[in-house]
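Colleague: If you scroll down you'll find the structure; I have some questions about it.
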Amino acid sequence: MKLSATQIAWRAAQDIEDGAYVNLGIGFPEMVAKFQPPGRQAIFHTENGILGFGEAPAAGSEDWDLINAGKKAVTIKPGTAFFHHADSFAMVRGGHLDVAILGAYEVAETGDLANWSTGPKGVPAVGGAMDLVHGAKRVAVITDHVTKDGKPKLVQRCSLPLTGVGCVTRIYTSHAVIDIESGHFVLREKLAGLSFDELQSMTGATLHAPQPVADLVAPSL
Amino acid sequence: MDKTLPDLATAVAGIKDGATVMIGGFGGSGAPIELIHALIDRFVATGHPRDLTVVNNNAGNGHVGLAALIEQGMVRKLICSFPRSADPVVFTERYLAGKIELELVPQGTLAERIRAGGAGIPAFYTPTSFGTDLAQGKPVEVFDGRSYVQERWLKADVALVKAHLGDRLGNLTYRMAARNFNPLMCMAAATTIVQVSRIVAPGEIDPEAVITPGIFVQGVVEVAKPAQEETLNRMGAVYPEAAA
């Protein structure tokens, strides 16, 4: 029993306020855009120089000058703005984004994030991840609670190369919603059928629950 | 003053062995494919230029554009943020074989280093990469209680850039998200060569709409219907074609 990737994206989308400026990391986090609650409209930022872009065009009508950071075709809509890369990252580092949502290999209780390198093998690639973790008012991670081998992804200290130090503020996992406060994992929501002890056993650092923990619920998607 | 160039071969004729060349674009959008291919043509015919240091966000895709430049063995070192793509095999094989050097730079730091190079700022401090492997060996300073990493400017001998409209004074506009690194690279190179879809008379670009003022541009060449890397790759294109 756990949330699917789609359901994790849905849950993360519920916390994005109307009018928020939001950057979604490439891949899995892009899915968050599909689940904006009715009546709210976030303005999405992409590193390659677009604010307020729209959904993917129909196949065959792509314009390859109009892509997102994942190199996928997007569309313009009323209010779209274009800008160059230095302005784009001024928006990021300058504290102008409200929310950045990223994937993770590991998140530490200190807020350290590892999401760009699995070690010295292969070709290293960082893109905008190290910039995005600095500057956005909220830096959230969406991830499975454990690795494919069942090992904790929420840990005391990251073992993989860091993307940023003390940067993550909230984690949405397949099993829980956890805030990072003063170097602690603070549990806010967990699946109703899961005991605190079961969740703790899947987590590589101490979970704190100073307040009643709400049920983590998401619709079937 | 007339900065227009008669053809692509003339545009790339001055690039020397060992040069640092900034190449605009983010993936295929804003990539000056025709200028890159003209540089490859020159290399195939003359063996020059080689040992290039190339600055680009990526490392090419498929077997056209930047990937083709790397495939020819013209690039000694690549400075980029994200050397992955849908088909990164050309760079990946050469990198894993130790045949090309990689300087990996976070994307925003890459953009700002180029901007700084063009703006006469030799170094700056950024929060990006603090506490990570990419900050190793770089000075760190604390400002208002937070740690920042010192990064240095990045300049080039030549920038190869793609724009939309250009006049003979070098004033440029860009098309949508094809802008990306292009205006920054125009500022940071000693010689900036731009391919534009159309050369217009001075005055035809509304001064309010100029994105790159002509002072940053040394040469403009018209490529009326520029190829898109994505479209070429979907056709399985290889450059030069004889290599197929």
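Labeling convention for the structure tokens: chains A, B, ... as they appear, residues from 1 per chain, ligands from 1 in order of appearance.
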Set the cut-off to 8 Å and count only C-alpha atoms: what are the residues of chain A that reach chain B? Output as an NGL selection string.

Modeller: :A and (48-50 or 64-67 or 71 or 82-86 or 89 or 93 or 122-131 or 133-134 or 161-165)

Colleague: Name the residues of range 33-200 of chain B that come out as strand (DSSP E) in a backbone DSSP run; write them as number ranges by chain.

Modeller: B: 52-55, 75-80, 101-104, 123-126, 140-143, 146-152, 156-167, 189-200
